[in-house]
Amino acid sequence: MSAIDGYLHAIIVRAIQEAREDGSATIEAHHLLLAIAADNEATTHRILTTAGLDRRAVRDALDWEFEHSLRAVGVSPAACALPRPSPVSGQPKIGASARLALERSFASVRRKKELRPAHLLLGILQAQVGTVPRALALAAVDQDQLVNRVQQALSSEDA
Amino acid sequence: MPAVESPVPQDPADALAAVAALRRLADQLEDAAVEQAMRAGWGWPQVAEALGVTRQAVHKKHAKRLIAAGVELRRRSDVRN
């Protein structure tokens, strides 16, 4: 197994855990982002922490996005306070947004063996709409700047 | 008229995000409510009828999770009516 296979495996395993904690039957792009933020891989860790995005900050931004989106239609999530359900027991499947993020990551390299951890982050950050861009905007994170930093890091690794 | 006015947001991004968030909230609410009902001794047919879905659908969606959580599920022979 190559280094990138090991990394992808670790991220997917962590994303499954994040999806379960979320009570989600699918792994979405924001679960991949949480997994990357929780990982110690040098390049992605440096880029995310420079933007103030550790796992906790990403989680807070996502929770804020959820509440913000509900409030836009007059719903307060606190108004539906029921006991927290038991976690999902089955294996969450890859959801549409995670699939798109992975496709974009793979599309950014010519061959799979060129894939590096930062490409996965780049694939997630290429989304222009959806939960991740909205959460980043609410957390006052400049997504374009983040994308530039990832691309710079990738090209300096190439040099 | 609803008690609280909740107009469709002007920005399509906000309106679409609200749909995604409401679906997620409905899923969370369903997980919690089904678990609460089953812990209170409801049977699958009652839960399914209350949700307006088939018994097979509600069973397929929730049985594994509730068994893993140790919820005692009523067997068909326990149904009284």
# chains A, B, ... in the order shown; residues from 1 in each chain; ligands from 1

call {"tool": "residues_around", "arguments": {"residues": "Ala26 in chain B", "least_positions_apart": "2", "cutoff": "12 Å", "atoms": "only C-alpha atoms", "output": "ChimeraX atom specification"}}
result
/A:23-24,70,75,77,80,82 /B:18-24,28-34,51

call {"tool": "write_last_selection", "arguments": {"atoms": "C-alpha atoms", "output": "mmCIF file, in the first residue's frame"}}
result
data_model
loop_
_atom_site.group_PDB
_atom_site.id
_atom_site.type_symbol
_atom_site.label_atom_id
_atom_site.label_comp_id
_atom_site.auth_asym_id
_atom_site.auth_seq_id
_atom_site.Cartn_x
_atom_site.Cartn_y
_atom_site.Cartn_z
ATOM 1 C CA GLY A 23 -26.106 10.855 12.931
ATOM 2 C CA SER A 24 -25.595 10.909 9.157
ATOM 3 C CA LEU A 70 -32.573 26.731 9.575
ATOM 4 C CA VAL A 75 -36.760 27.192 12.417
ATOM 5 C CA PRO A 77 -33.090 23.591 16.077
ATOM 6 C CA CYS A 80 -36.982 20.364 18.499
ATOM 7 C CA LEU A 82 -35.627 15.387 21.791
ATOM 8 C CA ALA B 18 -32.387 25.638 4.267
ATOM 9 C CA VAL B 19 -33.776 22.621 2.393
ATOM 10 C CA ALA B 20 -30.598 20.620 3.113
ATOM 11 C CA ALA B 21 -30.626 21.674 6.789
ATOM 12 C CA LEU B 22 -34.344 20.865 7.193
ATOM 13 C CA ARG B 23 -33.787 17.385 5.707
ATOM 14 C CA ARG B 24 -30.953 16.823 8.157
ATOM 15 C CA GLN B 28 -32.326 13.631 13.352
ATOM 16 C CA LEU B 29 -35.850 14.154 14.627
ATOM 17 C CA GLU B 30 -36.997 10.867 13.065
ATOM 18 C CA ASP B 31 -34.107 8.910 14.635
ATOM 19 C CA ALA B 32 -34.880 10.367 18.061
ATOM 20 C CA ALA B 33 -38.667 10.040 17.808
ATOM 21 C CA VAL B 34 -38.635 6.434 16.542
ATOM 22 C CA LEU B 51 -44.895 8.360 10.161
#

call {"tool": "closest_atom_pairs", "arguments": {"of": "chain B", "to": "chain A", "cutoff": "12 Å", "atoms": "only C-alpha atoms", "output": "CSV"}}
result
residue,atom,partner,partner_atom,distance
B:Pro2,CA,A:Gly74,CA,10.8
B:Ala3,CA,A:Gly74,CA,10.5
B:Val4,CA,A:Gly74,CA,7.1
B:Glu5,CA,A:Gly74,CA,7.2
B:Ser6,CA,A:Val73,CA,5.0
B:Pro7,CA,A:Val73,CA,6.4
B:Val8,CA,A:Val73,CA,6.5
B:Pro9,CA,A:Ala72,CA,6.4
B:Gln10,CA,A:Ala72,CA,9.8
B:Asp11,CA,A:Ala72,CA,10.1
B:Pro12,CA,A:Val129,CA,10.7
B:Ala13,CA,A:Val129,CA,7.5
B:Asp14,CA,A:Ser69,CA,6.5
B:Ala15,CA,A:Ala72,CA,7.7
B:Leu16,CA,A:Gly130,CA,8.6
B:Ala17,CA,A:Ser69,CA,5.8
B:Ala18,CA,A:Ser69,CA,4.7
B:Val19,CA,A:Ser69,CA,8.3
B:Ala20,CA,A:Ser69,CA,8.5
B:Ala21,CA,A:Phe66,CA,5.8
B:Leu22,CA,A:Leu70,CA,6.6
B:Arg23,CA,A:Leu70,CA,10.2
B:Arg24,CA,A:Ser24,CA,8.0
B:Leu25,CA,A:Pro77,CA,7.5
B:Ala26,CA,A:Cys80,CA,9.7
B:Asp27,CA,A:Ser24,CA,8.3
B:Gln28,CA,A:Gly23,CA,6.8
B:Leu29,CA,A:Leu82,CA,7.3
B:Glu30,CA,A:Pro85,CA,8.9
B:Asp31,CA,A:Pro85,CA,5.7
B:Ala32,CA,A:Pro85,CA,4.5
B:Ala33,CA,A:Leu82,CA,7.3
B:Val34,CA,A:Pro85,CA,8.8
B:Glu35,CA,A:Pro85,CA,6.7
B:Gln36,CA,A:Pro83,CA,7.8
B:Ala37,CA,A:Pro83,CA,11.5
B:Met38,CA,A:Pro85,CA,11.7
B:Arg39,CA,A:Pro85,CA,11.3
B:Lys60,CA,A:Gly90,CA,11.2
B:Lys61,CA,A:Ala25,CA,9.8
B:His62,CA,A:Val88,CA,8.7
B:Ala63,CA,A:Ser89,CA,9.7
B:Lys64,CA,A:Ser89,CA,6.6
B:Arg65,CA,A:Ser89,CA,4.9
B:Leu66,CA,A:Ser86,CA,7.2
B:Ile67,CA,A:Ser89,CA,9.1
B:Ala68,CA,A:Ser89,CA,6.6
B:Ala69,CA,A:Ser86,CA,6.1
B:Gly70,CA,A:Ser86,CA,9.5
B:Val71,CA,A:Ser86,CA,9.6

call {"tool": "write_last_selection", "arguments": {"atoms": "N, CA and C atoms", "output": "short mmCIF file (atom, residue, chain, number, x, y, z; two decimals), in the first residue's frame"}}
result
data_model
loop_
_atom_site.label_atom_id
_atom_site.label_comp_id
_atom_site.auth_asym_id
_atom_site.auth_seq_id
_atom_site.Cartn_x
_atom_site.Cartn_y
_atom_site.Cartn_z
N PRO B 2 -49.50 30.81 9.53
CA PRO B 2 -48.64 30.26 10.59
C PRO B 2 -48.34 31.34 11.63
N ALA B 3 -48.04 30.91 12.86
CA ALA B 3 -47.76 31.86 13.93
C ALA B 3 -46.50 32.66 13.62
N VAL B 4 -45.53 32.00 13.01
CA VAL B 4 -44.27 32.69 12.68
C VAL B 4 -44.16 32.75 11.16
N GLU B 5 -43.98 33.95 10.64
CA GLU B 5 -43.78 34.09 9.21
C GLU B 5 -42.42 33.52 8.84
N SER B 6 -42.38 32.64 7.86
CA SER B 6 -41.08 32.15 7.42
C SER B 6 -41.03 32.17 5.90
N PRO B 7 -40.78 33.37 5.34
CA PRO B 7 -40.74 33.50 3.90
C PRO B 7 -39.58 32.72 3.29
N VAL B 8 -39.70 32.34 2.05
CA VAL B 8 -38.58 31.70 1.36
C VAL B 8 -37.48 32.75 1.23
N PRO B 9 -36.24 32.41 1.65
CA PRO B 9 -35.17 33.39 1.56
C PRO B 9 -34.96 33.88 0.13
N GLN B 10 -34.59 35.14 -0.03
CA GLN B 10 -34.40 35.75 -1.34
C GLN B 10 -33.25 35.12 -2.11
N ASP B 11 -32.17 34.83 -1.39
CA ASP B 11 -30.98 34.28 -2.03
C ASP B 11 -31.19 32.78 -2.26
N PRO B 12 -31.08 32.31 -3.53
CA PRO B 12 -31.27 30.87 -3.79
C PRO B 12 -30.33 30.00 -2.94
N ALA B 13 -29.10 30.48 -2.68
CA ALA B 13 -28.16 29.69 -1.88
C ALA B 13 -28.70 29.46 -0.48
N ASP B 14 -29.34 30.50 0.09
CA ASP B 14 -29.92 30.38 1.43
C ASP B 14 -31.12 29.44 1.42
N ALA B 15 -31.95 29.56 0.37
CA ALA B 15 -33.15 28.72 0.27
C ALA B 15 -32.76 27.25 0.12
N LEU B 16 -31.76 26.98 -0.74
CA LEU B 16 -31.33 25.59 -0.96
C LEU B 16 -30.66 25.02 0.29
N ALA B 17 -29.86 25.86 0.96
CA ALA B 17 -29.20 25.40 2.19
C ALA B 17 -30.23 25.11 3.27
N ALA B 18 -31.32 25.88 3.29
CA ALA B 18 -32.39 25.64 4.27
C ALA B 18 -33.04 24.28 4.01
N VAL B 19 -33.21 23.94 2.73
CA VAL B 19 -33.78 22.62 2.39
C VAL B 19 -32.87 21.51 2.92
N ALA B 20 -31.56 21.65 2.65
CA ALA B 20 -30.60 20.62 3.11
C ALA B 20 -30.61 20.52 4.64
N ALA B 21 -30.65 21.67 5.31
CA ALA B 21 -30.63 21.67 6.79
C ALA B 21 -31.92 21.10 7.36
N LEU B 22 -33.06 21.41 6.72
CA LEU B 22 -34.34 20.87 7.19
C LEU B 22 -34.39 19.34 7.02
N ARG B 23 -33.84 18.85 5.91
CA ARG B 23 -33.79 17.38 5.71
C ARG B 23 -32.96 16.74 6.81
N ARG B 24 -31.83 17.39 7.12
CA ARG B 24 -30.95 16.82 8.16
C ARG B 24 -31.66 16.86 9.51
N LEU B 25 -32.34 17.97 9.77
CA LEU B 25 -33.07 18.10 11.04
C LEU B 25 -34.18 17.06 11.11
N ALA B 26 -34.90 16.85 9.99
CA ALA B 26 -35.99 15.86 9.97
C ALA B 26 -35.44 14.45 10.22
N ASP B 27 -34.27 14.16 9.64
CA ASP B 27 -33.65 12.84 9.87
C ASP B 27 -33.29 12.66 11.35
N GLN B 28 -32.70 13.71 11.93
CA GLN B 28 -32.33 13.63 13.35
C GLN B 28 -33.56 13.45 14.22
N LEU B 29 -34.61 14.21 13.87
CA LEU B 29 -35.85 14.15 14.63
C LEU B 29 -36.49 12.77 14.50
N GLU B 30 -36.43 12.19 13.29
CA GLU B 30 -37.00 10.87 13.06
C GLU B 30 -36.24 9.81 13.89
N ASP B 31 -34.91 9.87 13.85
CA ASP B 31 -34.11 8.91 14.64
C ASP B 31 -34.49 8.97 16.11
N ALA B 32 -34.57 10.19 16.64
CA ALA B 32 -34.88 10.37 18.06
C ALA B 32 -36.31 9.94 18.39
N ALA B 33 -37.26 10.32 17.53
CA ALA B 33 -38.67 10.04 17.81
C ALA B 33 -38.99 8.55 17.70
N VAL B 34 -38.41 7.87 16.70
CA VAL B 34 -38.64 6.43 16.54
C VAL B 34 -38.04 5.69 17.74
N GLU B 35 -36.84 6.10 18.14
CA GLU B 35 -36.20 5.45 19.29
C GLU B 35 -37.04 5.65 20.55
N GLN B 36 -37.53 6.86 20.73
CA GLN B 36 -38.35 7.19 21.90
C GLN B 36 -39.63 6.33 21.92
N ALA B 37 -40.27 6.19 20.75
CA ALA B 37 -41.50 5.41 20.64
C ALA B 37 -41.23 3.93 20.92
N MET B 38 -40.14 3.39 20.35
CA MET B 38 -39.85 1.97 20.53
C MET B 38 -39.46 1.67 21.98
N ARG B 39 -38.76 2.62 22.62
CA ARG B 39 -38.42 2.44 24.04
C ARG B 39 -39.69 2.47 24.89
N LYS B 60 -36.38 -1.21 8.06
CA LYS B 60 -35.09 -1.22 7.35
C LYS B 60 -34.22 -0.05 7.80
N LYS B 61 -34.86 1.08 8.05
CA LYS B 61 -34.11 2.29 8.37
C LYS B 61 -33.62 2.31 9.82
N HIS B 62 -34.38 1.69 10.74
CA HIS B 62 -34.07 1.89 12.15
C HIS B 62 -33.72 0.65 12.96
N ALA B 63 -34.14 -0.56 12.50
CA ALA B 63 -34.00 -1.76 13.34
C ALA B 63 -32.56 -2.00 13.80
N LYS B 64 -31.63 -1.93 12.83
CA LYS B 64 -30.23 -2.26 13.15
C LYS B 64 -29.68 -1.34 14.24
N ARG B 65 -29.96 -0.06 14.06
CA ARG B 65 -29.45 0.94 15.00
C ARG B 65 -30.03 0.72 16.40
N LEU B 66 -31.34 0.44 16.46
CA LEU B 66 -31.99 0.30 17.76
C LEU B 66 -31.57 -0.99 18.46
N ILE B 67 -31.37 -2.06 17.67
CA ILE B 67 -30.89 -3.32 18.26
C ILE B 67 -29.48 -3.10 18.81
N ALA B 68 -28.63 -2.41 18.01
CA ALA B 68 -27.25 -2.13 18.47
C ALA B 68 -27.27 -1.28 19.74
N ALA B 69 -28.30 -0.42 19.89
CA ALA B 69 -28.39 0.45 21.07
C ALA B 69 -29.03 -0.27 22.26
N GLY B 70 -29.41 -1.54 22.03
CA GLY B 70 -29.97 -2.33 23.14
C GLY B 70 -31.43 -2.02 23.46
N VAL B 71 -32.15 -1.41 22.49
CA VAL B 71 -33.57 -1.14 22.72
C VAL B 71 -34.35 -2.45 22.58
#

call {"tool": "residues_around", "arguments": {"residues": "range 43-48 of chain B", "least_positions_apart": "6", "cutoff": "7 Å", "atoms": "only C-alpha atoms", "output": "JSON, numbers by chain"}}
result
{"B": [34, 54, 55, 58, 59, 74]}

call {"tool": "write_last_selection", "arguments": {"atoms": "C-alpha atoms", "output": "short mmCIF file (atom, residue, chain, number, x, y, z; two decimals), in the first residue's frame"}}
result
data_model
loop_
_atom_site.label_atom_id
_atom_site.label_comp_id
_atom_site.auth_asym_id
_atom_site.auth_seq_id
_atom_site.Cartn_x
_atom_site.Cartn_y
_atom_site.Cartn_z
CA VAL B 34 -38.64 6.43 16.54
CA THR B 54 -44.49 1.29 5.28
CA ARG B 55 -43.50 -1.02 8.12
CA VAL B 58 -39.21 2.05 8.99
CA HIS B 59 -37.81 -1.35 9.99
CA ARG B 74 -41.67 -5.74 20.57
#

call {"tool": "select_by_dssp", "arguments": {"residues": "range 26-142 of chain A", "states": "helix (DSSP H, G or I)", "output": "VMD selection string"}}
result
chain A and resid 29 to 38 42 to 50 55 to 71 77 to 80 96 to 107 112 to 114 117 to 125 131 to 138
